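Engineer: My structure is below; once you've seen it, I'll send some questions.
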There are 2 protein chains.
Amino acid sequence: MPDASAAPVATSQSDAIAALRQRLRDLKLDAFIVPRFDAHQSEYVAPHDERLAFVTGFTGSAGMAIVSQDEIAMFVDGRYSVQVRNECLGPEFTYHHLFDTPAEQWLSAKAQSGWRVGFDPMHLPPAWYDRFNTACIARAAAMEPCQTNPIDEIWDAQPTPPLAEVTPFPTQFAGQNADDKCRALVQELGAAELDFFVETQPDNIAWLLNVRGDDVAFNPMPQSFAIIEAAGTVHWFVEPRKLTEELCSHLADSVTLHPHDAFLNTLSALSEKETRVGFDPNFSGVAVRHTIEAEGAVACPLASPITHTKAVKNPVELEGMRACHLQDGVAWTEFSAWLMANVAPRASAGAPITEQEAQEKILELRQQRSGFLSASFQSISAARGNAAMCHYAAVGDRNAPILPEHPYLLDSGGQYETGTTDATRSFAFGMRPEGYDQAYTAVFKAFHALATLRFPKGTQGHHIDAICRRPLWDLGLDYDHGTGHGIGHRLSVHEHPQRIGKPYNPVDLVPGMVVSIEPGYYDAEKFGIRIENIFEVKEDGDGFLRFANMTYAPIQTDMLIKENLTFEECLWLEQYHATLLQKLSPLLSEGAMSWVSSVLRLS
Amino acid sequence: MPDASAAPVATSQSDAIAALRQRLRDLKLDAFIVPRFDAHQSEYVAPHDERLAFVTGFTGSAGMAIVSQDEIAMFVDGRYSVQVRNECLGPEFTYHHLFDTPAEQWLSAKAQSGWRVGFDPMHLPPAWYDRFNTACIARAAAMEPCQTNPIDEIWDAQPTPPLAEVTPFPTQFAGQNADDKCRALVQELGAAELDFFVETQPDNIAWLLNVRGDDVAFNPMPQSFAIIEAAGTVHWFVEPRKLTEELCSHLADSVTLHPHDAFLNTLSALSEKETRVGFDPNFSGVAVRHTIEAEGAVACPLASPITHTKAVKNPVELEGMRACHLQDGVAWTEFSAWLMANVAPRASAGAPITEQEAQEKILELRQQRSGFLSASFQSISAARGNAAMCHYAAVGDRNAPILPEHPYLLDSGGQYETGTTDATRSFAFGMRPEGYDQAYTAVFKAFHALATLRFPKGTQGHHIDAICRRPLWDLGLDYDHGTGHGIGHRLSVHEHPQRIGKPYNPVDLVPGMVVSIEPGYYDAEKFGIRIENIFEVKEDGDGFLRFANMTYAPIQTDMLIKENLTFEECLWLEQYHATLLQKLSPLLSEGAMSWVSSVLRLS
């Protein structure tokens, strides 16, 4: 799926605004900052943390509000500029661009001398805090951290924080035991001259400790914090009710357990004068920096060292990823055959397949696969113009029919015991809108161009993005999302630090990294096209690297304009399907086999 | 030519070191920093400013020394790691990498408490100064600015500063008169809320004032400084002996003349308390920042606004560039025909053409062209393995023969009345070393790939660099230099801010920018290949841009492996030569015509 998250389910808004304003008056706060972030600055948050949606009604995956007594200023990016106006109705709402007219500018113009601007210091990252603080100082106003979030105080029906059981992740799948991972990390801290590192990213902690969980939908890890001392101790802050005896006996020897809410106090106790404390400023609230500095310790902002280590999958993790992609390929192939066989007859019978039915179908097919656990994200099951919305979700009353005269797009993935999958295919059923075939062919050429690239060591994602876009550029087309993202190993479907896209991303692609390649093209109201596979980065001799494919799902060939393809492109496609058949045929139904055979023939 | 400068002529070193050390003792300095920079941080410096070469013997175009009483630490980049060891002989020299083991690290380890580290504040840019200063503070040492450079005090035979006459650059060629340029700049300063801007780049000043000069070889502009007030006055600091009455009457009304050495005093006088003063920190010595700050003014570091405006050529400048490229194309075509016809017979006769003769030949052919003024850089005329050195110069006793059994490379350009040219061609004369044809074909494919690119507005040079490299990457090859640089309009042959290369360069390519495309491949000892043309960026409809070729010089086709070329590549090459013939034939000799006709036939 493209690198930006799916919309969450809307929550009730009711008189939340009035109640919050009353609470702010009680607290003598003139405004309160409501980011969508939770305490981990995650892309996905638990229902408990959907404070922005509760207060404002805005359900996008990124954004911020500042609530004052007479205005609610909404800050969202280009993806959500229409949605925010639909969801946040009323004269008190004003709408702003999250980056072009940033919130600190608004605050700078709005704040009066003496204003007290409240915020939750666990939810506001240091860089955001610094910008707001500068704006406040310039207006003789002050930023006021709230130890208790005032929204939680007025949110009667606030869901409880998640309490899913933490489960051991066996070394057999992880490829390295947690003791060894912790030891290697501790050495890295020593080399970086840090006394300890504050880890606020749940997936990094799950990877380090070889545990998994189920606190946030699609994200199989527990919400927790950790502090890793260079002296060796790993302090783990996690709700004790999530832990079983089995889990505790599985933990690395160096782990010391603490209640989740002991995090800041323990951080404070460990932060002695001149202690050097690392923390990742992009994934922690400013409370972390403030706590370190309050004790006279030195706050050292740096990317978590776990992030890069985790991104470079070990041989066992890679083997697990390859294995679950084969299982997932079976589901995709069966799904494709079912879809192609049933769209027209079901439509003729007046009972067309719907978007929701299609996404349930692939879930059902995955549930038959060995090792399948759950979906890895909200599927994007999108007919016609819905597919032009990159993060469309067929939920609630959004459920368009899939008809033969309109193309369809499915972006879907699974969590398996041994890894995480994510793929996209575009389908058409005979008739196609004008321009579809040309664009589909260009998207395939784009996909092929990057999938077959050989590149020197030291290459970074932003260096090669345009190689994928060129076949679209040649036609004056482009797509407004990233070309590829990292993917977790039974962790988050979007995983940094590597990324393929236009923005500067100074992270070398190295062997063992796993990334998506997913060019697309979108014609609003008419169709969306995307082809996405997952690839691992492999050595290719003489200081060069290449992408090795992991995803085996048929690529429909009817819409390819053959004379626009090179010999190499045709050959690649034939070999791709031949390999797919060879790898998957023992597991495929006859109907699926026959459909794959039909796409094997290119001309 | 690739984006890194040619080596200067070596100067005598003699007992410079001993004399400098004595002077440092007199001044109670424990060390002195000797960068290659002059007061403009230029790529090319006048002989007067070759202090690094005078003291250390190192003649590379970038580098730095720190001279102490017992050591001379040399800091150079990868291009010069061999050269520095050849040129700087003696046990007191130590060699370091300019970026991997930066000089402030060395200083941090070397400096003793109480050390006084001297430097010329006009030659050391602020970022470098800050790093050295931090290192000094940590060692209880101090940075000591020298108002007079101690090297100048001990350099008996120091060349005098250049005194070339400043000439008017007519509006007929500039396309805009200096009054209008100054007015537009003053508006920009107002919009940026600056009270004035300190311009230290001679080419920016020459562009702004519509003047040219001849102070530094190949760079047709006077060395000078300027301070542009938002209130409208342009203070120009230039040696009065360079000015004629004609020049003075040509100047914009808003220009006030000052002697060159009045620069810092005037800056000091203008820098009142809280005045906001812009300066470009990458192209000024720290003296500029210190002078601004000493008066309580606010030093605002920013890229000079002239840099971007100058890079976007106006229609008259573009027309001039196109016209001089046609003249230059005649010289290239005549040169190619002469070379191809004479290499073998001259070698058989025992009097082979030499590298120096070849570069003199193209100069002579250029001198016959309308509007030609001088070379735009030291030609790289390089046979056999010499061509694998990207900045080889056939000067002094370096003058290899051009023999039929070895390939040859010429990178050469001219200053014309209406613009500046720069092109590279690679030649072979029958026999070729193993691997040459494959690499030559890949370099052509690389050149073609970028030359034919259509790209959306907002694209930056680092986005598209890999599109050029891919045909080489496919074979496991690459080149270790940039892919393209900006070029001046009768100004410097290397002009920022745009650049095509791997490093991050956040400058959109916009219509009117002019860039080189110059992929290559180098096999040390055996050969070097590079193909370089100049292109302007043009609108291509629907929010897209393209490169439009300016350079017309034949591309030798014998070495192309036809079966490795696509139909589009063959067609492009045929059309390129057909266009060349159509545009140049009225000016070409019969021999040149016949040679072009021979490369027209691809198969």
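Note on naming: chains are A, B, ... as they come in the structure tokens, residues start from 1 per chain, ligands start from 1 in the order shown.
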Which neighbours of Pro125 in chain A fall inside 9 Å, counting only C-alpha atoms, when residues of the same chain fewer than 3 positions from it are skipped, and could you give them as a VMD selection string?

Structural biologist: chain A and resid 37 41 121 to 122 128 to 130 281 to 287

Engineer: Distance cut-off 12 Å, counting only C-alpha atoms - which residues of chain A neighbour chain B? Return them as a ChimeraX atom specification.

Structural biologist: /A:449-450,452-480,500-506,540-546,566-568

Engineer: Calculated over only C-alpha atoms, which of the candidates A:Leu403, A:Ala231, A:Ala311, A:Leu373 has the smallest distance to Val514 in chain A?

Structural biologist: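 Selected residue with least distance to Val514 in chain A: A:Ala311.
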
Engineer: How would you write, as a PyMOL selection string, the set of residues in range 249-340 of chain B that DSSP gives as alpha helix (DSSP H)?

Structural biologist: chain B and resi 249-250+263-270+286-294+305-311+315-340

Engineer: Export C-alpha atoms of the chosen residues as a compact mmCIF listing (two decimals), in the first residue's frame?

Structural biologist:
```
# COMPACT_ATOMS: atom_id res chain seq x y z
CA SER B 249 29.23 56.00 -17.87
CA HIS B 250 27.76 52.58 -18.65
CA PHE B 263 34.68 46.81 1.51
CA LEU B 264 34.83 45.80 5.18
CA ASN B 265 34.93 49.39 6.49
CA THR B 266 31.86 50.32 4.47
CA LEU B 267 30.11 47.13 5.57
CA SER B 268 30.91 48.07 9.14
CA ALA B 269 29.60 51.62 8.67
CA LEU B 270 26.33 50.36 7.11
CA VAL B 286 33.80 34.80 8.15
CA ALA B 287 35.05 38.40 8.23
CA VAL B 288 31.77 39.39 6.60
CA ARG B 289 29.68 37.83 9.36
CA HIS B 290 31.99 39.11 12.08
CA THR B 291 31.87 42.64 10.70
CA ILE B 292 28.06 42.61 10.58
CA GLU B 293 27.73 41.21 14.07
CA ALA B 294 30.35 43.49 15.58
CA PRO B 305 19.22 36.04 -4.55
CA ILE B 306 21.28 36.90 -7.65
CA THR B 307 22.46 33.30 -7.96
CA HIS B 308 19.04 31.92 -8.87
CA THR B 309 17.97 34.89 -10.99
CA LYS B 310 21.19 34.66 -12.99
CA ALA B 311 20.76 30.90 -13.48
CA PRO B 315 15.39 34.98 -23.90
CA VAL B 316 18.26 37.15 -25.14
CA GLU B 317 20.82 35.26 -23.07
CA LEU B 318 19.41 31.95 -24.34
CA GLU B 319 19.53 33.17 -27.93
CA GLY B 320 23.15 34.19 -27.39
CA MET B 321 23.98 30.82 -25.90
CA ARG B 322 22.38 29.03 -28.86
CA ALA B 323 24.23 31.23 -31.34
CA CYS B 324 27.68 30.76 -29.82
CA HIS B 325 27.08 27.02 -29.57
CA LEU B 326 26.60 26.93 -33.33
CA GLN B 327 29.91 28.75 -33.80
CA ASP B 328 31.51 26.36 -31.35
CA GLY B 329 29.96 23.41 -33.20
CA VAL B 330 31.81 24.46 -36.36
CA ALA B 331 35.10 24.42 -34.46
CA TRP B 332 34.28 21.00 -32.99
CA THR B 333 33.30 19.56 -36.35
CA GLU B 334 36.41 20.89 -38.07
CA PHE B 335 38.51 19.62 -35.20
CA SER B 336 36.98 16.15 -35.35
CA ALA B 337 37.54 15.88 -39.09
CA TRP B 338 41.14 17.09 -38.73
CA LEU B 339 41.85 14.68 -35.89
CA MET B 340 40.35 11.65 -37.64
```

Engineer: Report the distance between CA of Gln378 in chain A and CA of Glu357 in chain A in Å, rounded to one decimal place.

Structural biologist: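 Interatomic distance, CA of Gln378 in chain A to CA of Glu357 in chain A: 13.7 Å.
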